[in-house]
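Asker: Structure: final-v9.pdb, PDB, C-alpha atoms.
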ATOM      1  CA  MET P  49      23.055  -6.685   1.987
ATOM      2  CA  ASP P  50      23.465  -2.922   2.172
ATOM      3  CA  LEU P  51      20.392  -0.975   3.333
ATOM      4  CA  ASN P  52      19.963   2.515   1.906
ATOM      5  CA  SER P  53      17.381   5.293   2.096
ATOM      6  CA  ASP P  54      16.776   8.715   0.532
ATOM      7  CA  LEU P  55      17.397  11.447   3.089
ATOM      8  CA  GLY P  56      17.739  15.220   3.338
ATOM      9  CA  GLU P  57      14.645  15.755   1.227
ATOM     10  CA  GLY P  58      13.374  18.770   3.100
ATOM     11  CA  PHE P  59      13.811  22.326   1.868
ATOM     12  CA  GLY P  60      13.704  25.531   3.899
ATOM     13  CA  ILE P  61      10.940  25.189   6.516
ATOM     14  CA  TRP P  62       9.465  22.146   4.745
ATOM     15  CA  ARG P  63      10.410  18.739   6.166
ATOM     16  CA  LEU P  64       9.954  15.266   4.700
ATOM     17  CA  GLY P  65      10.627  12.017   6.534
ATOM     18  CA  ASP P  66      12.417  11.250   9.794
ATOM     19  CA  ASP P  67      16.082  11.382   8.831
ATOM     20  CA  ALA P  68      17.400  11.036  12.385
ATOM     21  CA  ALA P  69      15.443   7.839  13.026
ATOM     22  CA  LEU P  70      16.388   6.271   9.688
ATOM     23  CA  LEU P  71      20.069   7.021  10.260
ATOM     24  CA  GLY P  72      19.872   4.688  13.245
ATOM     25  CA  VAL P  73      18.764   1.852  10.964
ATOM     26  CA  ILE P  74      20.362   2.125   7.519
ATOM     27  CA  THR P  75      23.962   1.645   6.397
ATOM     28  CA  SER P  76      24.003   4.077   3.437
ATOM     29  CA  ALA P  77      22.276   7.468   3.079
ATOM     30  CA  ASN P  78      21.348   8.843  -0.347
ATOM     31  CA  VAL P  79      21.385  12.552   0.426
ATOM     32  CA  ALA P  80      19.534  15.080  -1.744
ATOM     33  CA  CYS P  81      21.928  17.653  -3.176
ATOM     34  CA  GLY P  82      19.666  20.662  -3.636
ATOM     35  CA  PHE P  83      18.283  20.040  -7.128
ATOM     36  CA  HIS P  84      15.155  18.002  -6.338
ATOM     37  CA  ALA P  85      15.179  18.669  -2.603
ATOM     38  CA  GLY P  86      17.564  19.684   0.131
ATOM     39  CA  ASP P  87      19.358  22.928   0.886
ATOM     40  CA  PRO P  88      22.800  23.699   2.356
ATOM     41  CA  SER P  89      21.657  23.585   5.980
ATOM     42  CA  THR P  90      19.691  20.367   5.491
ATOM     43  CA  MET P  91      22.592  18.747   3.642
ATOM     44  CA  ARG P  92      25.088  19.659   6.338
ATOM     45  CA  LYS P  93      22.817  18.502   9.157
ATOM     46  CA  VAL P  94      22.192  15.119   7.544
ATOM     47  CA  CYS P  95      25.903  14.665   6.907
ATOM     48  CA  GLU P  96      26.673  15.433  10.556
ATOM     49  CA  GLU P  97      24.056  12.941  11.763
ATOM     50  CA  ALA P  98      25.251  10.309   9.287
ATOM     51  CA  ALA P  99      28.815  10.733  10.516
ATOM     52  CA  ARG P 100      27.709  10.316  14.146
ATOM     53  CA  ASN P 101      25.874   7.117  13.236
ATOM     54  CA  GLY P 102      28.650   5.662  11.082
ATOM     55  CA  VAL P 103      26.412   5.745   8.000
ATOM     56  CA  ARG P 104      28.014   6.183   4.587
ATOM     57  CA  ILE P 105      26.985   9.151   2.456
ATOM     58  CA  GLY P 106      25.988   8.969  -1.188
ATOM     59  CA  ALA P 107      25.078  11.865  -3.468
ATOM     60  CA  GLN P 108      21.530  11.536  -4.731
ATOM     61  CA  VAL P 109      21.791  13.575  -7.901
ATOM     62  CA  SER P 110      18.778  14.803  -9.840
ATOM     63  CA  TYR P 111      17.432  16.967 -12.584
ATOM     64  CA  ARG P 112      17.146  20.620 -11.599
ATOM     65  CA  ASP P 113      13.482  20.280 -10.581
ATOM     66  CA  LEU P 114      12.592  21.475  -7.092
ATOM     67  CA  ALA P 115       8.972  22.138  -8.036
ATOM     68  CA  GLY P 116       8.486  18.599  -9.338
ATOM     69  CA  PHE P 117      10.648  16.861  -6.709
ATOM     70  CA  GLY P 118      12.818  15.560  -9.531
ATOM     71  CA  ARG P 119      10.074  13.274 -10.803
ATOM     72  CA  ARG P 120       9.660  14.925 -14.201
ATOM     73  CA  PHE P 121      11.826  13.932 -17.164
ATOM     74  CA  ILE P 122      13.956  16.754 -18.558
ATOM     75  CA  ASP P 123      15.541  16.448 -21.983
ATOM     76  CA  ALA P 124      18.792  17.853 -20.648
ATOM     77  CA  ASP P 125      21.862  18.470 -22.761
ATOM     78  CA  PRO P 126      24.302  15.668 -21.817
ATOM     79  CA  GLY P 127      27.193  18.062 -21.260
ATOM     80  CA  GLU P 128      25.133  20.299 -18.996
ATOM     81  CA  LEU P 129      23.719  17.298 -17.160
ATOM     82  CA  ALA P 130      27.222  15.959 -16.489
ATOM     83  CA  ASP P 131      28.252  19.355 -15.103
ATOM     84  CA  GLU P 132      25.166  19.504 -12.894
ATOM     85  CA  VAL P 133      25.901  16.023 -11.539
ATOM     86  CA  LEU P 134      29.467  17.106 -10.767
ATOM     87  CA  TYR P 135      28.161  20.283  -9.093
ATOM     88  CA  GLN P 136      25.770  18.347  -6.861
ATOM     89  CA  ILE P 137      28.380  15.826  -5.757
ATOM     90  CA  GLY P 138      30.841  18.598  -4.961
ATOM     91  CA  ALA P 139      28.314  20.542  -2.907
ATOM     92  CA  LEU P 140      27.362  17.523  -0.819
ATOM     93  CA  ASP P 141      30.980  16.462  -0.399
ATOM     94  CA  ALA P 142      31.810  19.886   1.053
ATOM     95  CA  CYS P 143      29.090  19.369   3.670
ATOM     96  CA  ALA P 144      30.266  15.828   4.324
ATOM     97  CA  ARG P 145      33.890  16.892   4.789
ATOM     98  CA  ALA P 146      32.809  19.615   7.211
ATOM     99  CA  ALA P 147      31.279  16.759   9.223
ATOM    100  CA  GLY P 148      34.473  14.691   9.068
ATOM    101  CA  THR P 149      33.355  12.273   6.371
ATOM    102  CA  GLU P 150      32.946  12.253   2.571
ATOM    103  CA  VAL P 151      30.713  11.233  -0.328
ATOM    104  CA  VAL P 152      31.488   7.629  -1.273
ATOM    105  CA  TYR P 153      28.946   6.789  -3.994
ATOM    106  CA  VAL P 154      26.386   8.289  -6.376
ATOM    107  CA  LYS P 155      22.748   7.392  -7.017
ATOM    108  CA  PRO P 156      20.373   9.236  -9.366
ATOM    109  CA  HIS P 157      16.961  10.242  -8.064
ATOM    110  CA  GLY P 158      13.460   9.957  -9.462
ATOM    111  CA  ALA P 159      12.995  10.663 -13.150
ATOM    112  CA  LEU P 160      16.744  10.728 -13.738
ATOM    113  CA  TYR P 161      17.075   7.261 -12.173
ATOM    114  CA  ASN P 162      14.351   5.936 -14.457
ATOM    115  CA  ALA P 163      15.644   7.746 -17.547
ATOM    116  CA  THR P 164      19.114   6.256 -17.192
ATOM    117  CA  VAL P 165      17.690   2.759 -17.412
ATOM    118  CA  HIS P 166      17.304   3.181 -21.199
ATOM    119  CA  HIS P 167      18.541   6.678 -22.128
ATOM    120  CA  GLU P 168      22.162   6.110 -23.161
ATOM    121  CA  LYS P 169      23.224   9.752 -23.425
ATOM    122  CA  GLN P 170      21.829  10.709 -20.040
ATOM    123  CA  ALA P 171      23.244   7.566 -18.439
ATOM    124  CA  GLU P 172      26.643   8.439 -19.843
ATOM    125  CA  ALA P 173      26.247  12.025 -18.639
ATOM    126  CA  VAL P 174      25.623  10.883 -15.064
ATOM    127  CA  VAL P 175      28.675   8.638 -15.218
ATOM    128  CA  ASN P 176      30.820  11.398 -16.745
ATOM    129  CA  GLY P 177      29.765  13.845 -14.057
ATOM    130  CA  ALA P 178      30.535  11.363 -11.296
ATOM    131  CA  LYS P 179      33.877  10.339 -12.788
ATOM    132  CA  ALA P 180      34.925  13.983 -13.180
ATOM    133  CA  PHE P 181      34.702  14.231  -9.398
ATOM    134  CA  LYS P 182      36.222  10.891  -8.452
ATOM    135  CA  ASP P 183      35.952   7.208  -9.337
ATOM    136  CA  LEU P 184      32.862   6.694  -7.201
ATOM    137  CA  PRO P 185      30.572   3.635  -7.236
ATOM    138  CA  ILE P 186      27.237   4.149  -9.003
ATOM    139  CA  LEU P 187      23.965   2.661  -7.702
ATOM    140  CA  GLY P 188      21.341   1.793 -10.277
ATOM    141  CA  LEU P 189      18.779  -0.637 -11.608
ATOM    142  CA  PRO P 190      20.144  -4.037 -12.747
ATOM    143  CA  GLY P 191      20.439  -4.182 -16.513
ATOM    144  CA  SER P 192      20.328  -0.405 -16.888
ATOM    145  CA  GLN P 193      22.355   1.690 -19.283
ATOM    146  CA  LEU P 194      23.598   3.555 -16.210
ATOM    147  CA  LEU P 195      25.362   0.526 -14.781
ATOM    148  CA  ALA P 196      26.640  -0.548 -18.195
ATOM    149  CA  LYS P 197      28.157   2.909 -18.768
ATOM    150  CA  ALA P 198      29.609   2.908 -15.246
ATOM    151  CA  GLU P 199      31.370  -0.405 -15.845
ATOM    152  CA  LYS P 200      32.673   0.799 -19.195
ATOM    153  CA  ALA P 201      34.111   3.882 -17.479
ATOM    154  CA  GLY P 202      35.843   1.713 -14.877
ATOM    155  CA  LEU P 203      33.485   2.616 -12.045
ATOM    156  CA  ARG P 204      31.991   0.180  -9.556
ATOM    157  CA  ALA P 205      28.447  -0.632 -10.715
ATOM    158  CA  VAL P 206      26.231  -1.538  -7.752
ATOM    159  CA  GLN P 207      22.929  -3.284  -8.475
ATOM    160  CA  GLU P 208      20.087  -1.953  -6.360
ATOM    161  CA  ALA P 209      16.620  -3.245  -5.487
ATOM    162  CA  PHE P 210      13.659  -1.554  -3.791
ATOM    163  CA  ALA P 211      11.851  -3.046  -0.823
ATOM    164  CA  ASP P 212       8.811  -0.809  -1.228
ATOM    165  CA  ARG P 213       8.331  -0.318  -4.974
ATOM    166  CA  GLY P 214       6.328  -2.327  -7.499
ATOM    167  CA  TYR P 215       8.216  -3.951 -10.381
ATOM    168  CA  THR P 216       7.124  -4.647 -13.947
ATOM    169  CA  PRO P 217       7.772  -8.119 -15.423
ATOM    170  CA  GLU P 218      10.707  -6.524 -17.298
ATOM    171  CA  GLY P 219      12.398  -5.613 -14.025
ATOM    172  CA  THR P 220      11.766  -1.868 -14.207
ATOM    173  CA  LEU P 221       9.908   0.185 -11.595
ATOM    174  CA  VAL P 222       6.155   0.623 -11.935
ATOM    175  CA  PRO P 223       5.426   4.321 -12.682
ATOM    176  CA  ARG P 224       4.425   6.195  -9.524
ATOM    177  CA  GLY P 225       1.091   7.231 -10.973
ATOM    178  CA  ARG P 226      -0.178   3.655 -10.867
ATOM    179  CA  PRO P 227      -1.867   2.245  -7.742
ATOM    180  CA  ASP P 228       0.564  -0.700  -7.598
ATOM    181  CA  ALA P 229       3.673   1.498  -7.661
ATOM    182  CA  LEU P 230       4.242   1.361  -3.891
ATOM    183  CA  LEU P 231       4.223  -1.375  -1.267
ATOM    184  CA  THR P 232       2.856   0.028   1.983
ATOM    185  CA  ASP P 233       2.292  -3.079   4.101
ATOM    186  CA  THR P 234       5.221  -3.854   6.394
ATOM    187  CA  GLU P 235       4.820  -7.625   6.038
ATOM    188  CA  GLN P 236       4.926  -7.359   2.240
ATOM    189  CA  ILE P 237       8.006  -5.170   2.384
ATOM    190  CA  VAL P 238       9.780  -7.575   4.736
ATOM    191  CA  GLU P 239       8.851 -10.508   2.508
ATOM    192  CA  ARG P 240      10.336  -8.652  -0.468
ATOM    193  CA  ALA P 241      13.563  -8.082   1.455
ATOM    194  CA  LYS P 242      13.844 -11.720   2.520
ATOM    195  CA  ARG P 243      13.158 -12.930  -1.018
ATOM    196  CA  LEU P 244      15.954 -10.686  -2.279
ATOM    197  CA  GLN P 245      18.401 -12.521  -0.043
ATOM    198  CA  ASP P 246      17.687 -15.516  -2.265
ATOM    199  CA  GLY P 247      18.300 -13.447  -5.391
ATOM    200  CA  GLU P 248      14.660 -13.031  -6.382
ATOM    201  CA  LEU P 249      11.908 -10.440  -6.442
ATOM    202  CA  VAL P 250       8.320 -10.740  -7.584
ATOM    203  CA  ALA P 251       6.787  -8.378 -10.152
ATOM    204  CA  VAL P 252       3.242  -7.034  -9.807
ATOM    205  CA  ASP P 253       1.919  -9.760 -12.138
ATOM    206  CA  GLY P 254       3.634 -12.551 -10.178
ATOM    207  CA  THR P 255       6.635 -12.931 -12.479
ATOM    208  CA  VAL P 256       9.751 -13.986 -10.545
ATOM    209  CA  ILE P 257      12.775 -11.867 -11.482
ATOM    210  CA  LYS P 258      16.314 -13.013 -10.745
ATOM    211  CA  THR P 259      18.590 -10.347  -9.289
ATOM    212  CA  ASN P 260      22.041  -9.945  -7.776
ATOM    213  CA  ALA P 261      21.210  -6.750  -5.918
ATOM    214  CA  GLU P 262      23.804  -5.669  -3.365
ATOM    215  CA  SER P 263      21.922  -2.702  -1.930
ATOM    216  CA  LEU P 264      18.298  -2.502  -0.840
ATOM    217  CA  CYS P 265      16.409   0.800  -0.716
ATOM    218  CA  VAL P 266      13.609   1.662   1.701
ATOM    219  CA  HIS P 267      12.221   5.072   0.794
ATOM    220  CA  GLY P 268      12.290   7.657   3.565
ATOM    221  CA  ASP P 269       9.284   9.626   2.312
ATOM    222  CA  THR P 270       6.635   6.905   2.428
ATOM    223  CA  PRO P 271       4.133   6.476   5.306
ATOM    224  CA  GLY P 272       5.597   4.226   8.001
ATOM    225  CA  ALA P 273       9.089   4.454   6.507
ATOM    226  CA  VAL P 274      10.932   4.112   9.817
ATOM    227  CA  GLU P 275       8.876   1.101  10.894
ATOM    228  CA  HIS P 276       9.412  -0.508   7.492
ATOM    229  CA  ALA P 277      13.167   0.059   7.663
ATOM    230  CA  ARG P 278      13.461  -1.349  11.194
ATOM    231  CA  ALA P 279      11.469  -4.446  10.254
ATOM    232  CA  VAL P 280      13.577  -4.984   7.143
ATOM    233  CA  ARG P 281      16.819  -4.638   9.050
ATOM    234  CA  GLU P 282      15.673  -7.115  11.667
ATOM    235  CA  ALA P 283      14.582  -9.585   8.992
ATOM    236  CA  LEU P 284      17.829  -9.315   7.028
ATOM    237  CA  GLY P 285      20.011  -9.910  10.038
ATOM    238  CA  ASP P 286      23.515  -9.132   8.740
ATOM    239  CA  VAL P 287      23.312  -5.697   7.108
ATOM    240  CA  THR P 288      26.634  -4.415   5.759
ATOM    241  CA  PRO P 289      27.599  -1.666   3.288
ATOM    242  CA  PHE P 290      28.529  -2.816  -0.215
ATOM    243  CA  ALA P 291      32.285  -3.090  -0.709
TER
END
Kindly present the structure from the file in structure tokens form.
Answerer:
Amino acid sequence: MDLNSDLGEGFGIWRLGDDAALLGVITSANVACGFHAGDPSTMRKVCEEAARNGVRIGAQVSYRDLAGFGRRFIDADPGELADEVLYQIGALDACARAAGTEVVYVKPHGALYNATVHHEKQAEAVVNGAKAFKDLPILGLPGSQLLAKAEKAGLRAVQEAFADRGYTPEGTLVPRGRPDALLTDTEQIVERAKRLQDGELVAVDGTVIKTNAESLCVHGDTPGAVEHARAVREALGDVTPFA
């Protein structure tokens, strides 16, 4: 199982999460590309630290929404959205190459991630933007339009699960405004991770959902994120990047 986390989500003098500590635990880093968070200096620093730790870099692309941290849906024109995805990947890849590495996958962030579960045009736009750069793997929710469009375009579609997010019985993420949207107890998060090794996760109503997730996300901006990630890695044992 691959273990990923969202990093580089500071901006200017504002900092969020402990990137350096998480880079000693995870195998893949979803790095903000400046649209929902991040700035050139933050992006370059995270890429340098990821390279030193042997952690793979993924572009965490988003709507252009710094004020809302990318958590607000935007009815973006598909052509413009594809160009903005391409722009974000290219910017992060420049920072990665300056650090002696490169961007090797793409994952949408926040509202864009959730929109591409069902929104065909935006899902296709994300895929088109990624493919215009390079045939990069795409991380997304199992059963999403995003992964279906990625496969159709000949890209590697990587199913992802979340160790610290609530799930609906339909297998989608519980909206963040609800009290059951986040798991905050380390034991619960570890139990979720161990259950995923058996191809299952449990929704907030107790429904058991079958999954073939290859990558597991532990959010870097939640309280206790580093402790959660370390406990999950220890519980999983063999943690390896997806092929």
Asker: Measure the distance from atom CA of Ala211 of chain P to atom CA of Val266 of chain P in Å and round it to one decimal.
Answerer: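 Value for the atom CA of Ala211 of chain P-atom CA of Val266 of chain P distance: 5.6 Å.
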Asker: Out of P:Gly247, P:Gly191, P:Gly72, P:Gly285, which residue has the shortest atom-to-atom distance to Glu97 of chain P when counting all atoms listed in the file?
Answerer: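 Nearest to Glu97 of chain P: P:Gly72.
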Asker: Please expand the PyMOL selection byres ((chain P and resi 116) around 12) into the concrete residues it hits in this file, giving the result as JSON, numbers by chain.
Answerer: {"P": [83, 84, 85, 110, 111, 112, 113, 114, 115, 117, 118, 119, 120, 121, 122, 157, 158, 159]}
Asker: Using all atoms listed in the file, find the one residue out of P:Pro217, P:Gly268, P:Val152, P:Ile186 that sits nearest to Gly56 of chain P.
Answerer: P:Gly268
Asker: From (26.8, 14.2, -2.6), in the file's coordinates, out to 8 Å: which residues are reached, counting all atoms listed in the file? Answer as a list of chain:residue names.
Answerer: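 Nearby residues: P:Asn78, P:Val79, P:Ala80, P:Cys81, P:Ile105, P:Gly106, P:Ala107, P:Gln108, P:Val109, P:Gln136, P:Ile137, P:Gly138, P:Ala139, P:Leu140, P:Asp141, P:Ala144, P:Val151, P:Tyr153, P:Val154.
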Asker: For the provided coordinates, the residues matched by the PyMOL selection byres ((chain P and resi 226-243) around 12) should be stated as number ranges by chain.
Answerer: P: 49-51, 208-216, 220-225, 244-253, 256-267, 269-287
Asker: Expressed in Å to a single decimal, how great is the separation between atom CA of Pro88 of chain P and atom CA of Asp125 of chain P?
Answerer: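 Here the two named atoms are 25.7 Å from each other.
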Asker: Skipping near chain neighbours, those fewer than 4 positions away, what residues fall within 12 Å of Lys200 of chain P using all atoms listed in the file, listed as number ranges by chain?
Answerer: P: 171-172, 175-176, 179, 193-196, 204-205
Asker: Could you dump the residues just selected with C-alpha atoms as a PDB file, keeping the file's coordinate frame?
Answerer:
ATOM      1  CA  ALA P 171      23.244   7.566 -18.439  1.00  0.00           C
ATOM      2  CA  GLU P 172      26.643   8.439 -19.843  1.00  0.00           C
ATOM      3  CA  VAL P 175      28.675   8.638 -15.218  1.00  0.00           C
ATOM      4  CA  ASN P 176      30.820  11.398 -16.745  1.00  0.00           C
ATOM      5  CA  LYS P 179      33.877  10.339 -12.788  1.00  0.00           C
ATOM      6  CA  GLN P 193      22.355   1.690 -19.283  1.00  0.00           C
ATOM      7  CA  LEU P 194      23.598   3.555 -16.210  1.00  0.00           C
ATOM      8  CA  LEU P 195      25.362   0.526 -14.781  1.00  0.00           C
ATOM      9  CA  ALA P 196      26.640  -0.548 -18.195  1.00  0.00           C
ATOM     10  CA  ARG P 204      31.991   0.180  -9.556  1.00  0.00           C
ATOM     11  CA  ALA P 205      28.447  -0.632 -10.715  1.00  0.00           C
TER      12      ALA P 205
END
Asker: Using all atoms listed in the file for the distances, tell me which of P:Gly86, P:Ala142, P:Ala147, P:Asp131 is nearest to Asn101 of chain P.
Answerer: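 Smallest distance to Asn101 of chain P is found for P:Ala147.
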Asker: Between atom CA of Pro289 of chain P and atom CA of Pro190 of chain P, what is the distance in Å, rounded to a tenth?
Answerer: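 Straight-line distance from atom CA of Pro289 of chain P to atom CA of Pro190 of chain P works out to 17.8 Å.
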Asker: List as a PyMOL selection string the protein and nucleic acid residues near Leu203 of chain P, meaning an atom at most 6 Å away when only C-alpha atoms are counted, but skip any in the same chain fewer than 3 places from it.
Answerer: chain P and resi 183+185+198-199
Asker: Taking the file as shown, what set of residues would the PyMOL selection byres ((chain P and resi 77) around 8) give back, as a PyMOL selection string?
Answerer: chain P and resi 52-55+71+74-76+78-79+98+103-106
Asker: Using all atoms listed in the file, which of P:Gly188, P:His167, P:Cys95, P:Ala173 sits nearest Arg145 of chain P?
Answerer: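 Checking each candidate against Arg145 of chain P, we get P:Cys95 as the closest.
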Asker: Quick one: axis-aligned box around all listed atoms of segment 80-94 of chain P, 6 Å on every side, centre and edge lengths in Å to one decimal, written as AutoDock Vina command-line options.
Answerer:
--center_x 20.1 --center_y 19.4 --center_z 1.0 --size_x 21.9 --size_y 20.6 --size_z 28.3
Asker: Place N, CA and C atoms on segment 162-189 of chain P and deliver the coordinates as a PDB file, keeping the file's coordinate frame.
Answerer:
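Once everything was written out, this is rebuild.pdb:
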ATOM      1  N   ASN P 162      15.106   6.720 -13.483  1.00  0.00           N
ATOM      2  CA  ASN P 162      14.351   5.936 -14.457  1.00  0.00           C
ATOM      3  C   ASN P 162      14.823   6.185 -15.887  1.00  0.00           C
ATOM      4  N   ALA P 163      15.178   7.429 -16.198  1.00  0.00           N
ATOM      5  CA  ALA P 163      15.644   7.746 -17.547  1.00  0.00           C
ATOM      6  C   ALA P 163      16.923   7.004 -17.887  1.00  0.00           C
ATOM      7  N   THR P 164      17.817   6.880 -16.920  1.00  0.00           N
ATOM      8  CA  THR P 164      19.114   6.256 -17.192  1.00  0.00           C
ATOM      9  C   THR P 164      19.041   4.735 -17.301  1.00  0.00           C
ATOM     10  N   VAL P 165      17.853   4.190 -17.142  1.00  0.00           N
ATOM     11  CA  VAL P 165      17.690   2.759 -17.412  1.00  0.00           C
ATOM     12  C   VAL P 165      17.865   2.503 -18.910  1.00  0.00           C
ATOM     13  N   HIS P 166      17.278   3.378 -19.748  1.00  0.00           N
ATOM     14  CA  HIS P 166      17.304   3.181 -21.199  1.00  0.00           C
ATOM     15  C   HIS P 166      17.954   4.314 -21.981  1.00  0.00           C
ATOM     16  N   HIS P 167      18.042   5.503 -21.409  1.00  0.00           N
ATOM     17  CA  HIS P 167      18.541   6.678 -22.128  1.00  0.00           C
ATOM     18  C   HIS P 167      20.075   6.695 -22.069  1.00  0.00           C
ATOM     19  N   GLU P 168      20.710   6.280 -23.169  1.00  0.00           N
ATOM     20  CA  GLU P 168      22.162   6.110 -23.161  1.00  0.00           C
ATOM     21  C   GLU P 168      22.911   7.415 -22.908  1.00  0.00           C
ATOM     22  N   LYS P 169      22.488   8.497 -23.557  1.00  0.00           N
ATOM     23  CA  LYS P 169      23.224   9.752 -23.425  1.00  0.00           C
ATOM     24  C   LYS P 169      23.137  10.305 -22.007  1.00  0.00           C
ATOM     25  N   GLN P 170      21.950  10.205 -21.413  1.00  0.00           N
ATOM     26  CA  GLN P 170      21.829  10.709 -20.040  1.00  0.00           C
ATOM     27  C   GLN P 170      22.535   9.787 -19.049  1.00  0.00           C
ATOM     28  N   ALA P 171      22.507   8.494 -19.294  1.00  0.00           N
ATOM     29  CA  ALA P 171      23.244   7.566 -18.439  1.00  0.00           C
ATOM     30  C   ALA P 171      24.738   7.879 -18.487  1.00  0.00           C
ATOM     31  N   GLU P 172      25.225   8.107 -19.689  1.00  0.00           N
ATOM     32  CA  GLU P 172      26.643   8.439 -19.843  1.00  0.00           C
ATOM     33  C   GLU P 172      26.973   9.771 -19.193  1.00  0.00           C
ATOM     34  N   ALA P 173      26.028  10.724 -19.262  1.00  0.00           N
ATOM     35  CA  ALA P 173      26.247  12.025 -18.639  1.00  0.00           C
ATOM     36  C   ALA P 173      26.383  11.902 -17.127  1.00  0.00           C
ATOM     37  N   VAL P 174      25.528  11.095 -16.510  1.00  0.00           N
ATOM     38  CA  VAL P 174      25.623  10.883 -15.064  1.00  0.00           C
ATOM     39  C   VAL P 174      26.976  10.272 -14.708  1.00  0.00           C
ATOM     40  N   VAL P 175      27.382   9.291 -15.469  1.00  0.00           N
ATOM     41  CA  VAL P 175      28.675   8.638 -15.218  1.00  0.00           C
ATOM     42  C   VAL P 175      29.823   9.631 -15.422  1.00  0.00           C
ATOM     43  N   ASN P 176      29.748  10.427 -16.487  1.00  0.00           N
ATOM     44  CA  ASN P 176      30.820  11.398 -16.745  1.00  0.00           C
ATOM     45  C   ASN P 176      30.909  12.434 -15.634  1.00  0.00           C
ATOM     46  N   GLY P 177      29.752  12.878 -15.144  1.00  0.00           N
ATOM     47  CA  GLY P 177      29.765  13.845 -14.057  1.00  0.00           C
ATOM     48  C   GLY P 177      30.359  13.271 -12.785  1.00  0.00           C
ATOM     49  N   ALA P 178      29.999  12.018 -12.490  1.00  0.00           N
ATOM     50  CA  ALA P 178      30.535  11.363 -11.296  1.00  0.00           C
ATOM     51  C   ALA P 178      32.037  11.132 -11.423  1.00  0.00           C
ATOM     52  N   LYS P 179      32.458  10.656 -12.589  1.00  0.00           N
ATOM     53  CA  LYS P 179      33.877  10.339 -12.788  1.00  0.00           C
ATOM     54  C   LYS P 179      34.743  11.589 -12.784  1.00  0.00           C
ATOM     55  N   ALA P 180      34.179  12.726 -13.212  1.00  0.00           N
ATOM     56  CA  ALA P 180      34.925  13.983 -13.180  1.00  0.00           C
ATOM     57  C   ALA P 180      35.267  14.388 -11.745  1.00  0.00           C
ATOM     58  N   PHE P 181      34.437  13.945 -10.802  1.00  0.00           N
ATOM     59  CA  PHE P 181      34.702  14.231  -9.398  1.00  0.00           C
ATOM     60  C   PHE P 181      35.701  13.239  -8.827  1.00  0.00           C
ATOM     61  N   LYS P 182      35.396  11.959  -9.012  1.00  0.00           N
ATOM     62  CA  LYS P 182      36.222  10.891  -8.452  1.00  0.00           C
ATOM     63  C   LYS P 182      35.659   9.572  -8.952  1.00  0.00           C
ATOM     64  N   ASP P 183      36.449   8.524  -8.913  1.00  0.00           N
ATOM     65  CA  ASP P 183      35.952   7.208  -9.337  1.00  0.00           C
ATOM     66  C   ASP P 183      35.047   6.624  -8.253  1.00  0.00           C
ATOM     67  N   LEU P 184      33.809   7.122  -8.217  1.00  0.00           N
ATOM     68  CA  LEU P 184      32.862   6.694  -7.201  1.00  0.00           C
ATOM     69  C   LEU P 184      31.965   5.573  -7.717  1.00  0.00           C
ATOM     70  N   PRO P 185      31.566   4.642  -6.852  1.00  0.00           N
ATOM     71  CA  PRO P 185      30.572   3.635  -7.236  1.00  0.00           C
ATOM     72  C   PRO P 185      29.263   4.298  -7.631  1.00  0.00           C
ATOM     73  N   ILE P 186      28.536   3.652  -8.546  1.00  0.00           N
ATOM     74  CA  ILE P 186      27.237   4.149  -9.003  1.00  0.00           C
ATOM     75  C   ILE P 186      26.170   3.115  -8.662  1.00  0.00           C
ATOM     76  N   LEU P 187      25.106   3.536  -7.980  1.00  0.00           N
ATOM     77  CA  LEU P 187      23.965   2.661  -7.702  1.00  0.00           C
ATOM     78  C   LEU P 187      22.924   2.834  -8.798  1.00  0.00           C
ATOM     79  N   GLY P 188      22.366   1.702  -9.250  1.00  0.00           N
ATOM     80  CA  GLY P 188      21.341   1.793 -10.277  1.00  0.00           C
ATOM     81  C   GLY P 188      20.585   0.492 -10.438  1.00  0.00           C
ATOM     82  N   LEU P 189      19.625   0.520 -11.356  1.00  0.00           N
ATOM     83  CA  LEU P 189      18.779  -0.637 -11.608  1.00  0.00           C
ATOM     84  C   LEU P 189      19.563  -1.695 -12.378  1.00  0.00           C
TER      85      LEU P 189
END
